[in-house]
Amino acid sequence: MEVFIAQVINGLSLGSIYVLLVTGFNLLLLVAMIIHFAYPQVVVFSMYITWVVLRLTGNSLLLGALAAVASSIFFNMVSAPLFQKVMKKRGEVDINSTMVLSMGIGMIITDVLSHGFNKGFPIAFPDELSGKTAILRIGLISILPGQVSSLIVGIIAVSGFFLLLYKTRAGRAFRAIAEDPNGARLVGIPLFRTGLESYALSGLLGGIIALLLAALLGSASPDLGEQVAHKVLAVSIIAGLGNLAGGLVVGLLLGILEAIVQGYLSGSWSNAIAFVIMLVVILAKPKGLFGIKL
Amino acid sequence: MAPNDKTSLPGISIQALLAIENLSVSYGHVNALKKASIEVFSGEIVVLIGANGAGKTTLLETALGINTPLTGTIRFKGNSISGVAVDRNVRAGICLVPEGRGVFASMNVLDNLLLGAHNNLKNVDKHLRRVYDWFPILNKRKDQIARTLSGGERQMLAIGRALMSSPELIMVDEPSLGLAPIVVNDIFNILRMLNREGYTILLSEQNANKALRCAHRGYVLETGTVTLSGSAQQLLNDPGVREAYLGA
């Protein structure tokens with residue numbers, strides 16, 4: 001029971017990270033109309049930048065956090081013109097060309113990380129980020145401040161983002177473009193500028209995710225982005241591509257499921273389980289549990 | 001000499017609110033509009049009559065800023081707006097109620113209305129109150145998802161959304177399309193009411209009879225060219241129009 005409770009808490013923090021990742025991915029899919037498969041890899045790149053800044057500044061958490069957010073927004077905005085350049089059609093999702101470009105970006109990031117940082121060895125984040133002493137001990141399991149804070153920040157970020165999406169002018173424009181880009185254009189919503197806003201916003205989300213991942217995992221490796229990217233793709237397909245509310249539910253569930261599996265089985269099973277679920281869902285409901293929203 | 005030239009005497013020249021001259025638009029090799037010219041004056045209801053594919057939608061969408069014209073000029077209040085982006089035109093006072101309403105079905109009525117105010121953030125509450133005054137049904141259904149509205153309610157929503165941008169010129173593309181005859185009458189009554197309230201209306205319609213009874217003037221479009229124009233009464237009595245569009 002203790003293991004279960006601890007793993008549910010863990011799972012919620014992991015799940016809220018999945019939710020943020022899937023949301024950023026879906027936002028780019030719906031508003032910028034690109035399939036950014038490598039979005040999680042950009043996030044991991046920001047983790048590395050954060051790590052470098054933390055080392056250079058003697059573990060200044062404030063500067064590290066700023067570096068995470070700034071670098072993530074920067075990379076997203078820089079990739080925007082590339083995506084716009086390869087896209088043949090602006091009015092609908094150009095799956096082929098944007099996915100190829102995105103995978104290319106992902107491979108480059110993985111290679112740069114494995115050659116350019118820490119000789120390719122996994123990096124460890126300082127204890128200041130995840131906290132040294134457990135704030136809660138349940139039997140053999142201890143809960144670190146990093147886990148709790150990433151859970152809290154994750155929940156705040158998810159609710160803040162959904163509030164923005166459903167209660168603000170920018171969010172309305174995002175949803176309008178997501179539903180009907182052409183109709184949005186006829187109402188006078190600028191597709192290109194709003195698309196850029198979605199790159200910036202998913203960049204901001206990415207920065208927050210980078211910090212949460214760093215606090216939760218305490219380390220990162222060059223192939224982390226790819227692993228997470230697979231998981232995010234699985235979540236978005238299980239929920240239904242572009243389905244934001246579905247991503248919220250499935251992201252949280254997968255996080256909890258994964259943590260529980262890790263608590264009772266070997267951690268390496270969690271990937272396989274996510275993909276088995278994905279295959280079952282695709283066979284039973286090709287449009288995902290909550291339906292594709294494209 | 002353009003009527004808005006500084007040299008023209010005040011009070012003598014009447015400047016058109018929307019003046020389209022020799023407008024040609026093509027989609028690839030298809031010439032959708034060929035040297036079409038129309039004028040809409042403040043306070044008018046003007047109707048474009050024409051069959052499917054005559055270029056009505058192209059004309060309205062080009063005036064809105066969706067397409068870049070090959071040749072010709074579009075002036076709004078005397079200023080050239082050829083190639084100006086849609087959001088700037090909306091801010092300047094032009095808006096379009098699209099063919100098939102273009103309502104966002106997954107969003108609620110209030111969100112749909114607020115989308116109309118995306119580019120004009122001033123006095124949003126005032127505009128919203130006015131829209132609710134004119135269309136109480138929208139107030140009643142404001143939290144309802146637009147998908148659940150009837151065809152006529154959707155058309156009202158689309159018109160209400162257009163009003164949220166505080167326009168001077170409302171372009172309405174095929175408002176009667178797919179609506180029951182009794183609802184069509186309601187919609188035309190709404191357009192007349194809005195016109196009395198001071199809005200200028202440019203309408204495109206296949207339902208020529210009802211549209212001409214509602215409008216002051218009209219233009220007949222055939223394969224991208226204006227073939228006939230005149231007062232609504234003249235067009236109603238024109239033998240060619242009667243044969244081609246009124247089924248008489």
# chains A, B, ... in the order shown; residues from 1 in each chain; ligands from 1

call {"tool": "closest_atom_pairs", "arguments": {"of": "chain B", "to": "chain A", "cutoff": "6 Å", "atoms": "only C-alpha atoms", "output": "CSV"}}
result
residue,atom,partner,partner_atom,distance
B:Val86,CA,A:Gly188,CA,5.2
B:Asp87,CA,A:Gly188,CA,4.4
B:Gly102,CA,A:Gly183,CA,5.5

call {"tool": "write_last_selection", "arguments": {"atoms": "N, CA and C atoms", "output": "PDB file, in the first residue's frame"}}
result
ATOM      1  N   VAL B  86      -6.361  40.560 -43.956  1.00  0.00           N
ATOM      2  CA  VAL B  86      -7.743  40.503 -43.480  1.00  0.00           C
ATOM      3  C   VAL B  86      -7.897  41.209 -42.136  1.00  0.00           C
ATOM      4  N   ASP B  87      -6.989  40.956 -41.200  1.00  0.00           N
ATOM      5  CA  ASP B  87      -7.187  41.518 -39.862  1.00  0.00           C
ATOM      6  C   ASP B  87      -7.173  43.043 -39.910  1.00  0.00           C
ATOM      7  N   GLY B 102     -19.782  29.539 -41.326  1.00  0.00           N
ATOM      8  CA  GLY B 102     -18.439  29.528 -40.757  1.00  0.00           C
ATOM      9  C   GLY B 102     -18.425  29.639 -39.255  1.00  0.00           C
TER      10      GLY B 102
END

call {"tool": "residues_around", "arguments": {"residues": "range 208-210 of chain A", "least_positions_apart": "6", "cutoff": "7 Å", "atoms": "only C-alpha atoms", "output": "count of residues only"}}
result
8

call {"tool": "select_by_dssp", "arguments": {"residues": "range 80-114 of chain B", "states": "alpha helix (DSSP H)", "output": "PyMOL selection string"}}
result
chain B and resi 86-92+109-114

call {"tool": "write_last_selection", "arguments": {"atoms": "N, CA and C atoms", "output": "compact mmCIF listing (two decimals), in the first residue's frame"}}
result
# COMPACT_ATOMS: atom_id res chain seq x y z
N VAL B 86 -6.36 40.56 -43.96
CA VAL B 86 -7.74 40.50 -43.48
C VAL B 86 -7.90 41.21 -42.14
N ASP B 87 -6.99 40.96 -41.20
CA ASP B 87 -7.19 41.52 -39.86
C ASP B 87 -7.17 43.04 -39.91
N ARG B 88 -6.38 43.61 -40.81
CA ARG B 88 -6.37 45.08 -40.92
C ARG B 88 -7.68 45.58 -41.53
N ASN B 89 -8.18 44.86 -42.51
CA ASN B 89 -9.46 45.27 -43.10
C ASN B 89 -10.59 45.17 -42.09
N VAL B 90 -10.55 44.11 -41.29
CA VAL B 90 -11.59 43.96 -40.26
C VAL B 90 -11.51 45.13 -39.29
N ARG B 91 -10.29 45.49 -38.91
CA ARG B 91 -10.13 46.61 -38.01
C ARG B 91 -10.65 47.91 -38.64
N ALA B 92 -10.50 48.00 -39.98
CA ALA B 92 -10.94 49.22 -40.66
C ALA B 92 -12.46 49.27 -40.82
N VAL B 109 -21.44 29.63 -27.90
CA VAL B 109 -21.94 30.81 -28.61
C VAL B 109 -21.15 32.06 -28.22
N LEU B 110 -20.89 32.21 -26.92
CA LEU B 110 -20.15 33.40 -26.46
C LEU B 110 -18.76 33.45 -27.08
N ASP B 111 -18.05 32.31 -27.09
CA ASP B 111 -16.71 32.29 -27.68
C ASP B 111 -16.77 32.64 -29.16
N ASN B 112 -17.77 32.14 -29.86
CA ASN B 112 -17.92 32.47 -31.27
C ASN B 112 -18.10 33.97 -31.45
N LEU B 113 -18.94 34.57 -30.60
CA LEU B 113 -19.16 36.01 -30.71
C LEU B 113 -17.86 36.77 -30.42
N LEU B 114 -17.15 36.34 -29.38
CA LEU B 114 -15.93 37.05 -29.00
C LEU B 114 -14.86 36.93 -30.08

call {"tool": "closest_residue", "arguments": {"among": "A:Pro122, A:Ala70, A:Gly263, A:Leu248", "to": "Phe161 in chain A", "atoms": "only C-alpha atoms"}}
result
A:Leu248

call {"tool": "residues_around", "arguments": {"residues": "Val30 in chain B", "least_positions_apart": "2", "cutoff": "12 Å", "atoms": "only C-alpha atoms", "output": "ChimeraX atom specification"}}
result
/B:24-28,32-34,53-55,58,70,223-224

call {"tool": "write_last_selection", "arguments": {"atoms": "C-alpha atoms", "output": "tab-separated table (two decimals), in the first residue's frame"}}
result
chain	number	residue	atom	x	y	z
B	24	SER	CA	-9.51	40.29	-61.84
B	25	VAL	CA	-8.71	37.33	-59.64
B	26	SER	CA	-7.54	33.89	-60.67
B	27	TYR	CA	-6.94	30.62	-58.90
B	28	GLY	CA	-4.12	29.09	-60.89
B	32	ALA	CA	-12.67	33.60	-61.17
B	33	LEU	CA	-13.20	37.32	-61.73
B	34	LYS	CA	-12.66	39.27	-64.96
B	53	GLY	CA	-19.29	29.74	-59.70
B	54	ALA	CA	-20.15	33.18	-61.01
B	55	GLY	CA	-17.49	34.72	-58.76
B	58	THR	CA	-14.38	35.39	-54.80
B	70	LEU	CA	-4.29	40.15	-60.45
B	223	THR	CA	-18.65	33.79	-65.07
B	224	GLY	CA	-16.67	36.44	-63.29

call {"tool": "decode", "arguments": {"residues": "range 143-159 of chain A", "atoms": "N, CA and C atoms", "output": "PDB file, in the first residue's frame"}}
result
ATOM      1  N   ILE A 143      10.061  10.434  -0.480  1.00  0.00           N
ATOM      2  CA  ILE A 143       9.616  11.395  -1.472  1.00  0.00           C
ATOM      3  C   ILE A 143      10.455  12.650  -1.344  1.00  0.00           C
ATOM      4  N   LEU A 144      11.101  13.021  -2.433  1.00  0.00           N
ATOM      5  CA  LEU A 144      11.989  14.176  -2.411  1.00  0.00           C
ATOM      6  C   LEU A 144      11.199  15.442  -2.721  1.00  0.00           C
ATOM      7  N   PRO A 145      11.722  16.578  -2.227  1.00  0.00           N
ATOM      8  CA  PRO A 145      11.047  17.848  -2.525  1.00  0.00           C
ATOM      9  C   PRO A 145      10.857  18.058  -4.027  1.00  0.00           C
ATOM     10  N   GLY A 146      11.833  17.607  -4.811  1.00  0.00           N
ATOM     11  CA  GLY A 146      11.757  17.796  -6.263  1.00  0.00           C
ATOM     12  C   GLY A 146      10.521  17.140  -6.856  1.00  0.00           C
ATOM     13  N   GLN A 147      10.201  15.950  -6.303  1.00  0.00           N
ATOM     14  CA  GLN A 147       9.022  15.248  -6.811  1.00  0.00           C
ATOM     15  C   GLN A 147       7.751  16.019  -6.497  1.00  0.00           C
ATOM     16  N   VAL A 148       7.704  16.527  -5.243  1.00  0.00           N
ATOM     17  CA  VAL A 148       6.509  17.265  -4.830  1.00  0.00           C
ATOM     18  C   VAL A 148       6.396  18.574  -5.611  1.00  0.00           C
ATOM     19  N   SER A 149       7.536  19.294  -5.729  1.00  0.00           N
ATOM     20  CA  SER A 149       7.441  20.587  -6.399  1.00  0.00           C
ATOM     21  C   SER A 149       7.138  20.402  -7.880  1.00  0.00           C
ATOM     22  N   SER A 150       7.675  19.339  -8.487  1.00  0.00           N
ATOM     23  CA  SER A 150       7.361  19.163  -9.898  1.00  0.00           C
ATOM     24  C   SER A 150       5.890  18.800 -10.067  1.00  0.00           C
ATOM     25  N   LEU A 151       5.334  18.093  -9.083  1.00  0.00           N
ATOM     26  CA  LEU A 151       3.900  17.795  -9.138  1.00  0.00           C
ATOM     27  C   LEU A 151       3.084  19.085  -9.028  1.00  0.00           C
ATOM     28  N   ILE A 152       3.463  19.928  -8.064  1.00  0.00           N
ATOM     29  CA  ILE A 152       2.698  21.165  -7.849  1.00  0.00           C
ATOM     30  C   ILE A 152       2.823  22.090  -9.065  1.00  0.00           C
ATOM     31  N   VAL A 153       4.080  22.290  -9.490  1.00  0.00           N
ATOM     32  CA  VAL A 153       4.281  23.175 -10.648  1.00  0.00           C
ATOM     33  C   VAL A 153       3.591  22.598 -11.883  1.00  0.00           C
ATOM     34  N   GLY A 154       3.673  21.271 -12.020  1.00  0.00           N
ATOM     35  CA  GLY A 154       3.022  20.627 -13.166  1.00  0.00           C
ATOM     36  C   GLY A 154       1.525  20.899 -13.172  1.00  0.00           C
ATOM     37  N   ILE A 155       0.905  20.765 -12.004  1.00  0.00           N
ATOM     38  CA  ILE A 155      -0.547  20.998 -11.944  1.00  0.00           C
ATOM     39  C   ILE A 155      -0.866  22.463 -12.245  1.00  0.00           C
ATOM     40  N   ILE A 156      -0.053  23.376 -11.686  1.00  0.00           N
ATOM     41  CA  ILE A 156      -0.288  24.803 -11.942  1.00  0.00           C
ATOM     42  C   ILE A 156      -0.125  25.090 -13.432  1.00  0.00           C
ATOM     43  N   ALA A 157       0.930  24.516 -14.031  1.00  0.00           N
ATOM     44  CA  ALA A 157       1.185  24.804 -15.447  1.00  0.00           C
ATOM     45  C   ALA A 157       0.068  24.253 -16.320  1.00  0.00           C
ATOM     46  N   VAL A 158      -0.380  23.037 -16.020  1.00  0.00           N
ATOM     47  CA  VAL A 158      -1.450  22.449 -16.822  1.00  0.00           C
ATOM     48  C   VAL A 158      -2.718  23.280 -16.694  1.00  0.00           C
ATOM     49  N   SER A 159      -3.083  23.647 -15.432  1.00  0.00           N
ATOM     50  CA  SER A 159      -4.333  24.413 -15.295  1.00  0.00           C
ATOM     51  C   SER A 159      -4.185  25.803 -15.894  1.00  0.00           C
TER      52      SER A 159
END
